[in-house]
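Notes follow once the structure below has been shown.
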Amino acid sequence: TYEDLINEKRLEFAMEGRSWFDLIAWSYFAPEEAMNYIENQTNEIFSLYYIIDMGKDHNIELPIAVNYLPYLGTDKYSPAELKQEFFKLGLRMGVSTSDDRSYIYISGLDKSFDKGVKLLEHVLSSVEPTQSVYDEYVEGIMKKRSDAKLNKSVILWSALFNYGKYGQFSPFTNIMQEEELKNMNPEFLTNLLKNLYSYKHKVFYYGPKNMEAVQMSLSKEHMVPDKLLDYPEAVVYTEKPTTENKVYFVNYDMVQTNIIMLSKDGLFDKKLIPDARLFSEYYGGGLSSIVFQEIREARGLAYSAFASFSVPGKIDESNYIYTFVATQADKLEEATSAMKNLMNNMPEASIQFQSAKEAIQTKIETERITKADIFWTFQRNLERGIDYDVRKDVYEYAKDVSLEEFEEFFDEYIKERKYNYLIIANRDLLDMNKLNELGTVEELSLE
């Protein structure tokens, strides 16, 4: 049985001096029906997750279906009665979905585990659509989209940032259109939900029960076909190279001018994680960072400013270097010039560099990855091909690296780059000729 395999592996790993992380890594790559398990030794609370590695990129209707579920009842319970049933058991049911993954989960009192699993399985197998509820749900979706056009943070950091990385077709723009949503038969969405367990999926339990008891309960209630389905092919978004300076401008009625400088680097490389962490701390880690001190404190050019070397969450995605400046419209030229200078010429500020190193070490020394976070942390690491606690690499690097060694990283990965300038500002307050000096300008509408 899978229980026997786990016990064998636990003994084998213990004799080899290997950790819980290794056991979780093994179980994560085990057969699709495998259960990931961590014992809760603190209290009588549990969480049970069904993890389906399929999201919007695999099926554009899936997030619509998943987020529709909480508004629905079943052939036995109305939506209000269903919520009451979970409440009486001391449980909470939830669903969520992202571009590449979906979750269905329950959590709460472990004494209600068996009844909770049975109720959850009933919901997924017997959920019933309601047209009037769906119509209100779609109205809510459209209201959120309309509100997003009034939110400069969403415009800059979601819409424009995605445009700078991918162009017109991006995870942000790949959504169902209003007419498609309004014309959809809600029964199609509930059928999609009922079919979710037909796809390959993982189970994760965190709680006080032993593994055998959990598996016994799931074997009774969690019915899956003998042959689980493979996921549909995922949409691929093409990351655009930054081989020349370009300006993507959005006109918005605001006092400040917000500017992101974005540059694509190579694909994920775990060797760069320590350098990236130190760069982000040294250049953009807080009030004592290089960017904040030079651009805001010393020269008064910005309300806020920072820089970051961003390492992706997956091995097939690219690193990105980006900076941010919020400034006055008449200081755009001076602020971007100052930022470009910092990104091409690294100040050798030994005191700040040492502070950045110590800040990283202190944070790692005081961090504790415990309980269910062990699993979620390891899952994130596995998506980048890392099967150990990568903080060890970061800590050792931050402890030993010299300013001269770090400058070698800066010269190779940061210096002399081309950028996409992502700018949101009031056109009436800007000198548009200054934008042309930064690069080729393309003005974008909110649409």
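A note on labels: chains of the structure tokens are A, B, ... as shown, every chain counts residues from 1, and ligands are counted from 1 in their shown order.
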
Contacts of stretch 62-70 of chain A within 7 Å, only C-alpha atoms, excl. fewer than 4 positions in-chain, as a count of residues only: 8

How far is it from atom CA of A:Leu218 to atom CA of A:Thr74, in Å with one decimal? 20.9 Å

Close residues, A:Ser112 itself excluded, 8 Å, only C-alpha atoms, min 5 positions apart in chain, as a list of chain:residue names: A:Leu89, A:Gly90, A:Leu91

Residues of the last selection are to be written out with C-alpha atoms, as a PDB file, in the first residue's frame.
ATOM      1  CA  LEU A  89     -19.328  20.865  11.560  1.00  0.00           C
ATOM      2  CA  GLY A  90     -16.888  23.632  12.411  1.00  0.00           C
ATOM      3  CA  LEU A  91     -15.494  23.537   8.880  1.00  0.00           C
TER       4      LEU A  91
END

Hey, what's within 12 Å of A:Pro347 if we count only C-alpha atoms and toss same-chain stuff fewer than 4 positions away? As an MDAnalysis selection string, please? chainID A and resid 282:283 289:291 293:294 341:343 351:353 403:404 406:407 410

Pairwise distance, atom CA of A:Gly284 with atom CA of A:Lys392, equals 22.0 Å

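When atom CA of A:Thr327 is paired with atom CA of A:Asn426, their separation reads 12.2 Å.
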
Residues near stretch 371-386 of chain A, anyone? I mean within 9 Å using only C-alpha atoms, not counting same-chain ones fewer than 6 positions away, as a PyMOL selection string. chain A and resi 20-21+24-25+28+36-42+47+204-207+268-270+312-316

Would you mind writing down, as a PyMOL selection string, each residue of stretch 50-288 of chain A that DSSP on the backbone assigns to alpha helix (DSSP H)? chain A and resi 62-68+79-88+113-126+131-148+152-154+161-166+178-183+186-194+211-221+273-284

Enumerate as a tab-separated table (two decimals) with N, CA and C atoms, in the first residue's frame all residues of stretch 247-441 of chain A assigned to strand (DSSP E or B) by DSSP on the backbone, naming them with the chain letters and numbers the document uses.
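This went into part.tsv:
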chain	number	residue	atom	x	y	z
A	247	VAL	N	9.06	52.72	-24.93
A	247	VAL	CA	8.23	53.38	-23.94
A	247	VAL	C	6.78	52.99	-24.18
A	248	TYR	N	6.14	52.41	-23.18
A	248	TYR	CA	4.71	52.11	-23.23
A	248	TYR	C	4.02	53.06	-22.26
A	249	PHE	N	3.20	53.94	-22.82
A	249	PHE	CA	2.62	55.03	-22.03
A	249	PHE	C	1.11	54.89	-21.95
A	250	VAL	N	0.57	55.08	-20.74
A	250	VAL	CA	-0.88	55.11	-20.53
A	250	VAL	C	-1.26	56.44	-19.90
A	251	ASN	N	-2.16	57.14	-20.54
A	251	ASN	CA	-2.64	58.42	-20.02
A	251	ASN	C	-3.66	58.17	-18.92
A	256	GLN	N	0.93	62.30	-9.77
A	256	GLN	CA	2.26	61.69	-9.90
A	256	GLN	C	2.47	61.11	-11.29
A	257	THR	N	3.73	60.83	-11.59
A	257	THR	CA	4.11	60.04	-12.75
A	257	THR	C	4.80	58.79	-12.22
A	258	ASN	N	4.28	57.61	-12.58
A	258	ASN	CA	4.85	56.35	-12.13
A	258	ASN	C	5.58	55.67	-13.28
A	259	ILE	N	6.81	55.25	-13.02
A	259	ILE	CA	7.68	54.71	-14.07
A	259	ILE	C	8.28	53.39	-13.63
A	260	ILE	N	8.10	52.37	-14.45
A	260	ILE	CA	8.81	51.11	-14.26
A	260	ILE	C	9.79	50.95	-15.42
A	261	MET	N	11.03	50.62	-15.10
A	261	MET	CA	12.01	50.22	-16.11
A	261	MET	C	12.14	48.71	-16.02
A	262	LEU	N	11.83	48.00	-17.12
A	262	LEU	CA	11.76	46.54	-17.11
A	262	LEU	C	12.69	45.95	-18.17
A	263	SER	N	13.51	44.98	-17.77
A	263	SER	CA	14.45	44.38	-18.71
A	263	SER	C	14.49	42.87	-18.50
A	264	LYS	N	14.36	42.13	-19.59
A	264	LYS	CA	14.36	40.66	-19.55
A	264	LYS	C	15.79	40.14	-19.54
A	265	ASP	N	16.05	39.17	-18.65
A	265	ASP	CA	17.34	38.50	-18.59
A	265	ASP	C	17.16	37.06	-19.09
A	266	GLY	N	18.09	36.18	-18.80
A	266	GLY	CA	18.02	34.79	-19.24
A	266	GLY	C	17.05	33.98	-18.41
A	267	LEU	N	16.92	32.69	-18.76
A	267	LEU	CA	16.02	31.80	-18.04
A	267	LEU	C	16.51	31.56	-16.61
A	304	SER	N	8.74	57.65	-4.00
A	304	SER	CA	9.23	56.31	-3.65
A	304	SER	C	10.03	55.78	-4.83
A	305	ALA	N	10.96	54.86	-4.52
A	305	ALA	CA	11.83	54.31	-5.57
A	305	ALA	C	12.47	53.03	-5.06
A	306	PHE	N	12.62	52.05	-5.97
A	306	PHE	CA	13.35	50.83	-5.61
A	306	PHE	C	13.78	50.13	-6.89
A	307	ALA	N	14.62	49.09	-6.72
A	307	ALA	CA	15.07	48.28	-7.84
A	307	ALA	C	15.11	46.83	-7.39
A	308	SER	N	14.92	45.89	-8.33
A	308	SER	CA	14.87	44.48	-7.97
A	308	SER	C	15.38	43.61	-9.11
A	309	PHE	N	16.04	42.51	-8.75
A	309	PHE	CA	16.35	41.44	-9.69
A	309	PHE	C	15.40	40.31	-9.34
A	310	SER	N	14.44	40.05	-10.21
A	310	SER	CA	13.36	39.12	-9.92
A	310	SER	C	13.65	37.74	-10.52
A	318	SER	N	11.82	33.55	-17.32
A	318	SER	CA	13.03	34.36	-17.32
A	318	SER	C	13.16	35.22	-16.07
A	319	ASN	N	14.40	35.54	-15.75
A	319	ASN	CA	14.68	36.55	-14.74
A	319	ASN	C	14.33	37.92	-15.32
A	320	TYR	N	13.96	38.86	-14.45
A	320	TYR	CA	13.71	40.23	-14.89
A	320	TYR	C	14.36	41.21	-13.92
A	321	ILE	N	14.95	42.25	-14.49
A	321	ILE	CA	15.44	43.37	-13.70
A	321	ILE	C	14.43	44.48	-13.87
A	322	TYR	N	13.98	45.06	-12.76
A	322	TYR	CA	13.05	46.19	-12.90
A	322	TYR	C	13.27	47.19	-11.78
A	323	THR	N	12.94	48.42	-12.11
A	323	THR	CA	13.02	49.52	-11.14
A	323	THR	C	11.69	50.25	-11.12
A	324	PHE	N	11.47	51.00	-10.06
A	324	PHE	CA	10.24	51.78	-9.95
A	324	PHE	C	10.56	53.15	-9.38
A	325	VAL	N	9.94	54.18	-9.99
A	325	VAL	CA	10.04	55.54	-9.48
A	325	VAL	C	8.66	56.19	-9.55
A	326	ALA	N	8.23	56.77	-8.44
A	326	ALA	CA	7.04	57.62	-8.43
A	326	ALA	C	7.52	59.05	-8.20
A	327	THR	N	7.31	59.91	-9.21
A	327	THR	CA	7.88	61.25	-9.16
A	327	THR	C	6.87	62.28	-9.67
A	328	GLN	N	7.29	63.53	-9.69
A	328	GLN	CA	6.47	64.59	-10.28
A	328	GLN	C	6.65	64.57	-11.79
A	420	ASN	N	12.24	48.35	-21.26
A	420	ASN	CA	10.89	48.81	-21.57
A	420	ASN	C	10.48	49.76	-20.46
A	421	TYR	N	10.19	51.00	-20.81
A	421	TYR	CA	9.74	52.00	-19.84
A	421	TYR	C	8.21	51.95	-19.80
A	422	LEU	N	7.67	51.56	-18.65
A	422	LEU	CA	6.23	51.47	-18.47
A	422	LEU	C	5.80	52.68	-17.66
A	423	ILE	N	5.05	53.58	-18.29
A	423	ILE	CA	4.77	54.88	-17.67
A	423	ILE	C	3.27	55.14	-17.64
A	424	ILE	N	2.78	55.49	-16.47
A	424	ILE	CA	1.39	55.92	-16.32
A	424	ILE	C	1.43	57.33	-15.74
A	425	ALA	N	0.78	58.27	-16.45
A	425	ALA	CA	0.84	59.68	-16.06
A	425	ALA	C	-0.25	60.46	-16.77
A	440	THR	N	11.46	54.41	-28.33
A	440	THR	CA	10.30	54.41	-29.20
A	440	THR	C	9.02	54.37	-28.38
A	441	VAL	N	8.12	55.35	-28.61
A	441	VAL	CA	6.94	55.48	-27.77
A	441	VAL	C	5.72	54.82	-28.40

A:Tyr71 surroundings by only C-alpha atoms, 10 Å radius, close-in-sequence under 6 positions cut, as a list in words: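 In the requested form, the answer reads Ser78, Pro79, Ala80, Lys83, Pro129, Thr130, Val133, Tyr134 and Tyr137 of chain A.
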
For stretch 230-240 of chain A, please output as a count of residues only all residues within 8 Å (counting only C-alpha atoms; exclusion window: fewer than 6 positions along the same chain). 16
